[in-house]
file query_12.pdb (PDB, N, CA and C atoms)
ATOM      1  N   MET A   1     123.973 117.602  93.170  1.00  0.00           N
ATOM      2  CA  MET A   1     125.314 117.384  93.657  1.00  0.00           C
ATOM      3  C   MET A   1     126.172 116.933  92.469  1.00  0.00           C
ATOM      4  N   GLN A   2     127.372 117.406  92.407  1.00  0.00           N
ATOM      5  CA  GLN A   2     128.273 117.024  91.324  1.00  0.00           C
ATOM      6  C   GLN A   2     129.520 116.375  91.893  1.00  0.00           C
ATOM      7  N   TYR A   3     130.037 115.401  91.147  1.00  0.00           N
ATOM      8  CA  TYR A   3     131.253 114.692  91.528  1.00  0.00           C
ATOM      9  C   TYR A   3     132.198 114.638  90.339  1.00  0.00           C
ATOM     10  N   THR A   4     133.474 114.581  90.641  1.00  0.00           N
ATOM     11  CA  THR A   4     134.477 114.258  89.636  1.00  0.00           C
ATOM     12  C   THR A   4     135.066 112.925  90.046  1.00  0.00           C
ATOM     13  N   ILE A   5     134.958 111.960  89.184  1.00  0.00           N
ATOM     14  CA  ILE A   5     135.473 110.626  89.491  1.00  0.00           C
ATOM     15  C   ILE A   5     136.680 110.374  88.602  1.00  0.00           C
ATOM     16  N   ARG A   6     137.790 110.021  89.219  1.00  0.00           N
ATOM     17  CA  ARG A   6     139.040 109.785  88.490  1.00  0.00           C
ATOM     18  C   ARG A   6     139.378 108.311  88.481  1.00  0.00           C
ATOM     19  N   GLN A   7     140.228 107.942  87.567  1.00  0.00           N
ATOM     20  CA  GLN A   7     140.773 106.584  87.440  1.00  0.00           C
ATOM     21  C   GLN A   7     139.665 105.529  87.269  1.00  0.00           C
ATOM     22  N   VAL A   8     138.697 105.876  86.416  1.00  0.00           N
ATOM     23  CA  VAL A   8     137.651 104.909  86.081  1.00  0.00           C
ATOM     24  C   VAL A   8     138.281 103.856  85.173  1.00  0.00           C
ATOM     25  N   PRO A   9     138.201 102.596  85.541  1.00  0.00           N
ATOM     26  CA  PRO A   9     138.790 101.547  84.701  1.00  0.00           C
ATOM     27  C   PRO A   9     138.188 101.560  83.296  1.00  0.00           C
ATOM     28  N   LYS A  10     139.023 101.235  82.310  1.00  0.00           N
ATOM     29  CA  LYS A  10     138.568 101.257  80.920  1.00  0.00           C
ATOM     30  C   LYS A  10     137.362 100.346  80.703  1.00  0.00           C
ATOM     31  N   ALA A  11     137.334  99.204  81.347  1.00  0.00           N
ATOM     32  CA  ALA A  11     136.220  98.274  81.172  1.00  0.00           C
ATOM     33  C   ALA A  11     134.917  98.886  81.700  1.00  0.00           C
ATOM     34  N   VAL A  12     134.999  99.617  82.807  1.00  0.00           N
ATOM     35  CA  VAL A  12     133.819 100.264  83.375  1.00  0.00           C
ATOM     36  C   VAL A  12     133.350 101.380  82.445  1.00  0.00           C
ATOM     37  N   ASP A  13     134.287 102.179  81.953  1.00  0.00           N
ATOM     38  CA  ASP A  13     133.967 103.253  81.016  1.00  0.00           C
ATOM     39  C   ASP A  13     133.289 102.689  79.770  1.00  0.00           C
ATOM     40  N   LYS A  14     133.863 101.639  79.234  1.00  0.00           N
ATOM     41  CA  LYS A  14     133.324 101.026  78.018  1.00  0.00           C
ATOM     42  C   LYS A  14     131.909 100.488  78.268  1.00  0.00           C
ATOM     43  N   ALA A  15     131.697  99.829  79.398  1.00  0.00           N
ATOM     44  CA  ALA A  15     130.390  99.265  79.718  1.00  0.00           C
ATOM     45  C   ALA A  15     129.347 100.367  79.927  1.00  0.00           C
ATOM     46  N   LEU A  16     129.728 101.431  80.640  1.00  0.00           N
ATOM     47  CA  LEU A  16     128.796 102.537  80.871  1.00  0.00           C
ATOM     48  C   LEU A  16     128.397 103.210  79.563  1.00  0.00           C
ATOM     49  N   ARG A  17     129.389 103.446  78.713  1.00  0.00           N
ATOM     50  CA  ARG A  17     129.102 104.105  77.431  1.00  0.00           C
ATOM     51  C   ARG A  17     128.237 103.227  76.531  1.00  0.00           C
ATOM     52  N   ALA A  18     128.508 101.933  76.525  1.00  0.00           N
ATOM     53  CA  ALA A  18     127.712 101.019  75.705  1.00  0.00           C
ATOM     54  C   ALA A  18     126.266 100.969  76.210  1.00  0.00           C
ATOM     55  N   LYS A  19     126.102 100.940  77.518  1.00  0.00           N
ATOM     56  CA  LYS A  19     124.759 100.900  78.101  1.00  0.00           C
ATOM     57  C   LYS A  19     124.004 102.190  77.807  1.00  0.00           C
ATOM     58  N   ALA A  20     124.690 103.311  77.927  1.00  0.00           N
ATOM     59  CA  ALA A  20     124.058 104.606  77.649  1.00  0.00           C
ATOM     60  C   ALA A  20     123.593 104.668  76.194  1.00  0.00           C
ATOM     61  N   LYS A  21     124.428 104.217  75.290  1.00  0.00           N
ATOM     62  CA  LYS A  21     124.074 104.234  73.869  1.00  0.00           C
ATOM     63  C   LYS A  21     122.908 103.285  73.592  1.00  0.00           C
ATOM     64  N   ALA A  22     122.955 102.095  74.158  1.00  0.00           N
ATOM     65  CA  ALA A  22     121.911 101.093  73.928  1.00  0.00           C
ATOM     66  C   ALA A  22     120.557 101.552  74.468  1.00  0.00           C
ATOM     67  N   GLU A  23     120.559 102.264  75.585  1.00  0.00           N
ATOM     68  CA  GLU A  23     119.315 102.697  76.211  1.00  0.00           C
ATOM     69  C   GLU A  23     118.900 104.108  75.795  1.00  0.00           C
ATOM     70  N   GLY A  24     119.738 104.760  74.977  1.00  0.00           N
ATOM     71  CA  GLY A  24     119.424 106.118  74.543  1.00  0.00           C
ATOM     72  C   GLY A  24     119.433 107.114  75.683  1.00  0.00           C
ATOM     73  N   LYS A  25     120.304 106.874  76.646  1.00  0.00           N
ATOM     74  CA  LYS A  25     120.419 107.746  77.812  1.00  0.00           C
ATOM     75  C   LYS A  25     121.778 108.414  77.820  1.00  0.00           C
ATOM     76  N   SER A  26     121.907 109.435  78.672  1.00  0.00           N
ATOM     77  CA  SER A  26     123.201 110.097  78.812  1.00  0.00           C
ATOM     78  C   SER A  26     124.120 109.229  79.663  1.00  0.00           C
ATOM     79  N   LEU A  27     125.412 109.457  79.495  1.00  0.00           N
ATOM     80  CA  LEU A  27     126.397 108.750  80.300  1.00  0.00           C
ATOM     81  C   LEU A  27     126.166 109.037  81.782  1.00  0.00           C
ATOM     82  N   ASN A  28     125.804 110.264  82.100  1.00  0.00           N
ATOM     83  CA  ASN A  28     125.534 110.641  83.487  1.00  0.00           C
ATOM     84  C   ASN A  28     124.370 109.834  84.062  1.00  0.00           C
ATOM     85  N   GLU A  29     123.269 109.728  83.300  1.00  0.00           N
ATOM     86  CA  GLU A  29     122.113 108.975  83.796  1.00  0.00           C
ATOM     87  C   GLU A  29     122.479 107.529  84.100  1.00  0.00           C
ATOM     88  N   VAL A  30     123.219 106.917  83.196  1.00  0.00           N
ATOM     89  CA  VAL A  30     123.599 105.516  83.370  1.00  0.00           C
ATOM     90  C   VAL A  30     124.569 105.351  84.537  1.00  0.00           C
ATOM     91  N   ALA A  31     125.505 106.280  84.676  1.00  0.00           N
ATOM     92  CA  ALA A  31     126.477 106.195  85.773  1.00  0.00           C
ATOM     93  C   ALA A  31     125.789 106.372  87.128  1.00  0.00           C
ATOM     94  N   VAL A  32     124.866 107.326  87.225  1.00  0.00           N
ATOM     95  CA  VAL A  32     124.151 107.547  88.482  1.00  0.00           C
ATOM     96  C   VAL A  32     123.315 106.317  88.826  1.00  0.00           C
ATOM     97  N   GLN A  33     122.634 105.737  87.825  1.00  0.00           N
ATOM     98  CA  GLN A  33     121.837 104.539  88.080  1.00  0.00           C
ATOM     99  C   GLN A  33     122.727 103.381  88.525  1.00  0.00           C
ATOM    100  N   ALA A  34     123.898 103.246  87.933  1.00  0.00           N
ATOM    101  CA  ALA A  34     124.828 102.189  88.332  1.00  0.00           C
ATOM    102  C   ALA A  34     125.279 102.382  89.779  1.00  0.00           C
ATOM    103  N   LEU A  35     125.514 103.618  90.173  1.00  0.00           N
ATOM    104  CA  LEU A  35     125.879 103.907  91.559  1.00  0.00           C
ATOM    105  C   LEU A  35     124.730 103.564  92.503  1.00  0.00           C
ATOM    106  N   ARG A  36     123.523 103.980  92.132  1.00  0.00           N
ATOM    107  CA  ARG A  36     122.350 103.687  92.968  1.00  0.00           C
ATOM    108  C   ARG A  36     122.180 102.186  93.143  1.00  0.00           C
ATOM    109  N   THR A  37     122.267 101.451  92.042  1.00  0.00           N
ATOM    110  CA  THR A  37     122.097 100.001  92.086  1.00  0.00           C
ATOM    111  C   THR A  37     123.190  99.363  92.932  1.00  0.00           C
ATOM    112  N   GLY A  38     124.414  99.799  92.740  1.00  0.00           N
ATOM    113  CA  GLY A  38     125.539  99.247  93.483  1.00  0.00           C
ATOM    114  C   GLY A  38     125.455  99.494  94.979  1.00  0.00           C
ATOM    115  N   LEU A  39     124.801 100.575  95.343  1.00  0.00           N
ATOM    116  CA  LEU A  39     124.642 100.917  96.761  1.00  0.00           C
ATOM    117  C   LEU A  39     123.342 100.385  97.362  1.00  0.00           C
ATOM    118  N   GLY A  40     122.581  99.659  96.555  1.00  0.00           N
ATOM    119  CA  GLY A  40     121.319  99.110  97.050  1.00  0.00           C
ATOM    120  C   GLY A  40     120.214 100.139  97.159  1.00  0.00           C
ATOM    121  N   LEU A  41     120.338 101.223  96.431  1.00  0.00           N
ATOM    122  CA  LEU A  41     119.335 102.282  96.476  1.00  0.00           C
ATOM    123  C   LEU A  41     118.458 102.293  95.231  1.00  0.00           C
ATOM    124  N   ASP A  42     118.545 101.246  94.438  1.00  0.00           N
ATOM    125  CA  ASP A  42     117.803 101.148  93.188  1.00  0.00           C
ATOM    126  C   ASP A  42     116.305 101.098  93.479  1.00  0.00           C
ATOM    127  N   ASP A  43     115.528 101.841  92.710  1.00  0.00           N
ATOM    128  CA  ASP A  43     114.084 101.892  92.909  1.00  0.00           C
ATOM    129  C   ASP A  43     113.416 100.543  92.678  1.00  0.00           C
ATOM    130  N   SER A  44     114.044  99.660  91.924  1.00  0.00           N
ATOM    131  CA  SER A  44     113.421  98.364  91.669  1.00  0.00           C
ATOM    132  C   SER A  44     113.359  97.515  92.934  1.00  0.00           C
ATOM    133  N   ASN A  45     114.134  97.890  93.958  1.00  0.00           N
ATOM    134  CA  ASN A  45     114.085  97.176  95.233  1.00  0.00           C
ATOM    135  C   ASN A  45     113.015  97.734  96.165  1.00  0.00           C
ATOM    136  N   ALA A  46     112.395  98.835  95.758  1.00  0.00           N
ATOM    137  CA  ALA A  46     111.380  99.459  96.599  1.00  0.00           C
ATOM    138  C   ALA A  46     110.143  98.566  96.652  1.00  0.00           C
ATOM    139  N   PRO A  47     109.474  98.570  97.788  1.00  0.00           N
ATOM    140  CA  PRO A  47     108.267  97.739  97.888  1.00  0.00           C
ATOM    141  C   PRO A  47     107.199  98.227  96.919  1.00  0.00           C
ATOM    142  N   LYS A  48     106.507  97.304  96.322  1.00  0.00           N
ATOM    143  CA  LYS A  48     105.421  97.640  95.405  1.00  0.00           C
ATOM    144  C   LYS A  48     104.218  98.083  96.222  1.00  0.00           C
ATOM    145  N   ARG A  49     103.529  99.083  95.741  1.00  0.00           N
ATOM    146  CA  ARG A  49     102.378  99.607  96.460  1.00  0.00           C
ATOM    147  C   ARG A  49     101.099  99.443  95.644  1.00  0.00           C
ATOM    148  N   ASP A  50     101.042  98.372  94.866  1.00  0.00           N
ATOM    149  CA  ASP A  50      99.829  98.093  94.120  1.00  0.00           C
ATOM    150  C   ASP A  50      99.489  96.612  94.253  1.00  0.00           C
ATOM    151  N   LEU A  51      98.483  96.185  93.574  1.00  0.00           N
ATOM    152  CA  LEU A  51      98.042  94.798  93.676  1.00  0.00           C
ATOM    153  C   LEU A  51      98.347  94.020  92.402  1.00  0.00           C
ATOM    154  N   SER A  52      99.290  94.480  91.605  1.00  0.00           N
ATOM    155  CA  SER A  52      99.594  93.826  90.331  1.00  0.00           C
ATOM    156  C   SER A  52     100.039  92.377  90.508  1.00  0.00           C
ATOM    157  N   PHE A  53     100.584  92.040  91.664  1.00  0.00           N
ATOM    158  CA  PHE A  53     101.022  90.670  91.899  1.00  0.00           C
ATOM    159  C   PHE A  53      99.835  89.708  91.985  1.00  0.00           C
ATOM    160  N   LEU A  54      98.632  90.240  92.146  1.00  0.00           N
ATOM    161  CA  LEU A  54      97.445  89.396  92.249  1.00  0.00           C
ATOM    162  C   LEU A  54      96.796  89.091  90.899  1.00  0.00           C
ATOM    163  N   VAL A  55      97.184  89.823  89.872  1.00  0.00           N
ATOM    164  CA  VAL A  55      96.552  89.654  88.565  1.00  0.00           C
ATOM    165  C   VAL A  55      96.707  88.214  88.092  1.00  0.00           C
ATOM    166  N   GLY A  56      95.579  87.610  87.733  1.00  0.00           N
ATOM    167  CA  GLY A  56      95.588  86.250  87.207  1.00  0.00           C
ATOM    168  C   GLY A  56      95.627  85.158  88.258  1.00  0.00           C
ATOM    169  N   THR A  57      95.490  85.504  89.528  1.00  0.00           N
ATOM    170  CA  THR A  57      95.596  84.486  90.576  1.00  0.00           C
ATOM    171  C   THR A  57      94.241  84.059  91.146  1.00  0.00           C
ATOM    172  N   LEU A  58      93.168  84.719  90.731  1.00  0.00           N
ATOM    173  CA  LEU A  58      91.853  84.425  91.280  1.00  0.00           C
ATOM    174  C   LEU A  58      91.299  83.127  90.684  1.00  0.00           C
ATOM    175  N   THR A  59      90.966  82.197  91.545  1.00  0.00           N
ATOM    176  CA  THR A  59      90.381  80.933  91.080  1.00  0.00           C
ATOM    177  C   THR A  59      88.881  81.132  90.886  1.00  0.00           C
ATOM    178  N   PRO A  60      88.226  80.268  90.121  1.00  0.00           N
ATOM    179  CA  PRO A  60      86.771  80.379  89.966  1.00  0.00           C
ATOM    180  C   PRO A  60      86.034  80.310  91.301  1.00  0.00           C
ATOM    181  N   GLU A  61      86.536  79.494  92.215  1.00  0.00           N
ATOM    182  CA  GLU A  61      85.919  79.395  93.535  1.00  0.00           C
ATOM    183  C   GLU A  61      86.050  80.705  94.299  1.00  0.00           C
ATOM    184  N   ASP A  62      87.236  81.329  94.206  1.00  0.00           N
ATOM    185  CA  ASP A  62      87.440  82.621  94.872  1.00  0.00           C
ATOM    186  C   ASP A  62      86.521  83.680  94.278  1.00  0.00           C
ATOM    187  N   ALA A  63      86.378  83.678  92.960  1.00  0.00           N
ATOM    188  CA  ALA A  63      85.525  84.657  92.289  1.00  0.00           C
ATOM    189  C   ALA A  63      84.082  84.497  92.746  1.00  0.00           C
ATOM    190  N   LYS A  64      83.617  83.255  92.846  1.00  0.00           N
ATOM    191  CA  LYS A  64      82.246  83.001  93.299  1.00  0.00           C
ATOM    192  C   LYS A  64      82.051  83.496  94.734  1.00  0.00           C
ATOM    193  N   ALA A  65      83.012  83.218  95.600  1.00  0.00           N
ATOM    194  CA  ALA A  65      82.928  83.666  96.995  1.00  0.00           C
ATOM    195  C   ALA A  65      82.919  85.186  97.078  1.00  0.00           C
ATOM    196  N   MET A  66      83.708  85.848  96.259  1.00  0.00           N
ATOM    197  CA  MET A  66      83.733  87.313  96.259  1.00  0.00           C
ATOM    198  C   MET A  66      82.406  87.878  95.771  1.00  0.00           C
ATOM    199  N   ASP A  67      81.835  87.275  94.733  1.00  0.00           N
ATOM    200  CA  ASP A  67      80.535  87.732  94.234  1.00  0.00           C
ATOM    201  C   ASP A  67      79.456  87.573  95.293  1.00  0.00           C
ATOM    202  N   GLU A  68      79.476  86.455  95.994  1.00  0.00           N
ATOM    203  CA  GLU A  68      78.491  86.224  97.044  1.00  0.00           C
ATOM    204  C   GLU A  68      78.651  87.237  98.178  1.00  0.00           C
ATOM    205  N   ALA A  69      79.869  87.541  98.545  1.00  0.00           N
ATOM    206  CA  ALA A  69      80.123  88.523  99.608  1.00  0.00           C
ATOM    207  C   ALA A  69      79.711  89.919  99.153  1.00  0.00           C
ATOM    208  N   ARG A  70      79.959  90.237  97.885  1.00  0.00           N
ATOM    209  CA  ARG A  70      79.613  91.551  97.354  1.00  0.00           C
ATOM    210  C   ARG A  70      78.104  91.763  97.327  1.00  0.00           C
ATOM    211  N   GLU A  71      77.345  90.710  97.071  1.00  0.00           N
ATOM    212  CA  GLU A  71      75.889  90.823  97.011  1.00  0.00           C
ATOM    213  C   GLU A  71      75.320  91.375  98.316  1.00  0.00           C
ATOM    214  N   MET A  72      75.933  91.040  99.436  1.00  0.00           N
ATOM    215  CA  MET A  72      75.483  91.530 100.729  1.00  0.00           C
ATOM    216  C   MET A  72      75.532  93.061 100.761  1.00  0.00           C
ATOM    217  N   PHE A  73      76.519  93.657 100.128  1.00  0.00           N
ATOM    218  CA  PHE A  73      76.679  95.105 100.157  1.00  0.00           C
ATOM    219  C   PHE A  73      75.732  95.814  99.200  1.00  0.00           C
ATOM    220  N   GLU A  74      75.101  95.064  98.316  1.00  0.00           N
ATOM    221  CA  GLU A  74      74.154  95.662  97.378  1.00  0.00           C
ATOM    222  C   GLU A  74      72.755  95.758  97.965  1.00  0.00           C
ATOM    223  N   GLN A  75      72.524  95.148  99.120  1.00  0.00           N
ATOM    224  CA  GLN A  75      71.220  95.196  99.772  1.00  0.00           C
ATOM    225  C   GLN A  75      71.141  96.439 100.653  1.00  0.00           C
ATOM    226  N   ILE A  76      70.004  97.096 100.590  1.00  0.00           N
ATOM    227  CA  ILE A  76      69.802  98.315 101.371  1.00  0.00           C
ATOM    228  C   ILE A  76      69.056  97.968 102.660  1.00  0.00           C
ATOM    229  N   ASP A  77      69.617  98.398 103.775  1.00  0.00           N
ATOM    230  CA  ASP A  77      68.973  98.226 105.056  1.00  0.00           C
ATOM    231  C   ASP A  77      68.096  99.440 105.311  1.00  0.00           C
ATOM    232  N   GLU A  78      66.802  99.282 105.096  1.00  0.00           N
ATOM    233  CA  GLU A  78      65.868 100.395 105.216  1.00  0.00           C
ATOM    234  C   GLU A  78      65.905 101.033 106.612  1.00  0.00           C
ATOM    235  N   ASP A  79      66.066 100.203 107.641  1.00  0.00           N
ATOM    236  CA  ASP A  79      66.096 100.746 109.012  1.00  0.00           C
ATOM    237  C   ASP A  79      67.296 101.661 109.242  1.00  0.00           C
ATOM    238  N   ALA A  80      68.385 101.368 108.590  1.00  0.00           N
ATOM    239  CA  ALA A  80      69.582 102.198 108.767  1.00  0.00           C
ATOM    240  C   ALA A  80      69.426 103.573 108.119  1.00  0.00           C
ATOM    241  N   TRP A  81      68.483 103.719 107.182  1.00  0.00           N
ATOM    242  CA  TRP A  81      68.313 104.982 106.458  1.00  0.00           C
ATOM    243  C   TRP A  81      67.155 105.806 107.025  1.00  0.00           C
ATOM    244  N   ARG A  82      66.626 105.437 108.154  1.00  0.00           N
ATOM    245  CA  ARG A  82      65.525 106.226 108.758  1.00  0.00           C
ATOM    246  C   ARG A  82      66.020 107.150 109.794  1.00  0.00           C
TER
END
call {"tool": "encode", "arguments": {"input": "query_12.pdb", "output": "structure tokens"}}
result
Amino acid sequence: MQYTIRQVPKAVDKALRAKAKAEGKSLNEVAVQALRTGLGLDDSNAPKRDLSFLVGTLTPEDAKAMDEAREMFEQIDEDAWR
């Protein structure tokens, strides 16, 4: 989709151009991202779908409990395999 936007304030033009130059992006890329962010459609607001927020949060006690629970899964139930 293409748009023509008129009467862009000089301060907005200057800020967009400076940001584009600083980030090594095109003026179009920076302007579209600014629109997305302004409308609340920025990808940074999207829910995270990984577990990166857990990195570094495991206590030694939690690690021990997880190891103990995991050991149960390493045992083979011979009756289940007959």
call {"tool": "select_by_dssp", "arguments": {"input": "query_12.pdb", "residues": "segment 20-74 of chain A", "states": "alpha helix (DSSP H)", "output": "VMD selection string"}}
result
chain A and resid 20 to 23 27 to 38 60 to 73
call {"tool": "atom_distance", "arguments": {"input": "query_12.pdb", "atom1": "atom CA of Asp42 of chain A", "atom2": "atom CA of Val8 of chain A"}}
result
21.4 Å
call {"tool": "atom_distance", "arguments": {"input": "query_12.pdb", "atom1": "atom CA of Glu29 of chain A", "atom2": "atom N of Pro47 of chain A"}}
result
21.5 Å
call {"tool": "closest_residue", "arguments": {"input": "query_12.pdb", "among": "A:Asp67, A:Phe73, A:Ile5, A:Ala31", "to": "Arg17 of chain A", "atoms": "all atoms listed in the file"}}
result
A:Ala31
call {"tool": "axis_aligned_box", "arguments": {"input": "query_12.pdb", "around": "segment 67-81 of chain A", "padding_each_side": "4 Å", "output": "AutoDock Vina command-line options"}}
result
--center_x 73.9 --center_y 96.0 --center_z 101.7 --size_x 24.0 --size_y 27.6 --size_z 23.0
call {"tool": "atom_distance", "arguments": {"input": "query_12.pdb", "atom1": "atom CA of Leu16 of chain A", "atom2": "atom CA of Val30 of chain A"}}
result
6.5 Å
call {"tool": "resolve_selection", "arguments": {"input": "query_12.pdb", "expression": "the PyMOL selection byres (((chain A and resi 34 and name CA) around 12) and name CA)", "output": "compact mmCIF listing (two decimals) with N, CA and C atoms, in the frame of the given file"}}
result
# COMPACT_ATOMS: atom_id res chain seq x y z
N VAL A 12 135.00 99.62 82.81
CA VAL A 12 133.82 100.26 83.38
C VAL A 12 133.35 101.38 82.44
N ASP A 13 134.29 102.18 81.95
CA ASP A 13 133.97 103.25 81.02
C ASP A 13 133.29 102.69 79.77
N ALA A 15 131.70 99.83 79.40
CA ALA A 15 130.39 99.26 79.72
C ALA A 15 129.35 100.37 79.93
N LEU A 16 129.73 101.43 80.64
CA LEU A 16 128.80 102.54 80.87
C LEU A 16 128.40 103.21 79.56
N ARG A 17 129.39 103.45 78.71
CA ARG A 17 129.10 104.10 77.43
C ARG A 17 128.24 103.23 76.53
N LYS A 19 126.10 100.94 77.52
CA LYS A 19 124.76 100.90 78.10
C LYS A 19 124.00 102.19 77.81
N ALA A 20 124.69 103.31 77.93
CA ALA A 20 124.06 104.61 77.65
C ALA A 20 123.59 104.67 76.19
N LEU A 27 125.41 109.46 79.50
CA LEU A 27 126.40 108.75 80.30
C LEU A 27 126.17 109.04 81.78
N ASN A 28 125.80 110.26 82.10
CA ASN A 28 125.53 110.64 83.49
C ASN A 28 124.37 109.83 84.06
N GLU A 29 123.27 109.73 83.30
CA GLU A 29 122.11 108.98 83.80
C GLU A 29 122.48 107.53 84.10
N VAL A 30 123.22 106.92 83.20
CA VAL A 30 123.60 105.52 83.37
C VAL A 30 124.57 105.35 84.54
N ALA A 31 125.50 106.28 84.68
CA ALA A 31 126.48 106.20 85.77
C ALA A 31 125.79 106.37 87.13
N VAL A 32 124.87 107.33 87.22
CA VAL A 32 124.15 107.55 88.48
C VAL A 32 123.32 106.32 88.83
N GLN A 33 122.63 105.74 87.82
CA GLN A 33 121.84 104.54 88.08
C GLN A 33 122.73 103.38 88.52
N LEU A 35 125.51 103.62 90.17
CA LEU A 35 125.88 103.91 91.56
C LEU A 35 124.73 103.56 92.50
N ARG A 36 123.52 103.98 92.13
CA ARG A 36 122.35 103.69 92.97
C ARG A 36 122.18 102.19 93.14
N THR A 37 122.27 101.45 92.04
CA THR A 37 122.10 100.00 92.09
C THR A 37 123.19 99.36 92.93
N GLY A 38 124.41 99.80 92.74
CA GLY A 38 125.54 99.25 93.48
C GLY A 38 125.46 99.49 94.98
N LEU A 39 124.80 100.58 95.34
CA LEU A 39 124.64 100.92 96.76
C LEU A 39 123.34 100.38 97.36
N GLY A 40 122.58 99.66 96.56
CA GLY A 40 121.32 99.11 97.05
C GLY A 40 120.21 100.14 97.16
N LEU A 41 120.34 101.22 96.43
CA LEU A 41 119.34 102.28 96.48
C LEU A 41 118.46 102.29 95.23
N ASP A 42 118.54 101.25 94.44
CA ASP A 42 117.80 101.15 93.19
C ASP A 42 116.30 101.10 93.48
N ASP A 43 115.53 101.84 92.71
CA ASP A 43 114.08 101.89 92.91
C ASP A 43 113.42 100.54 92.68
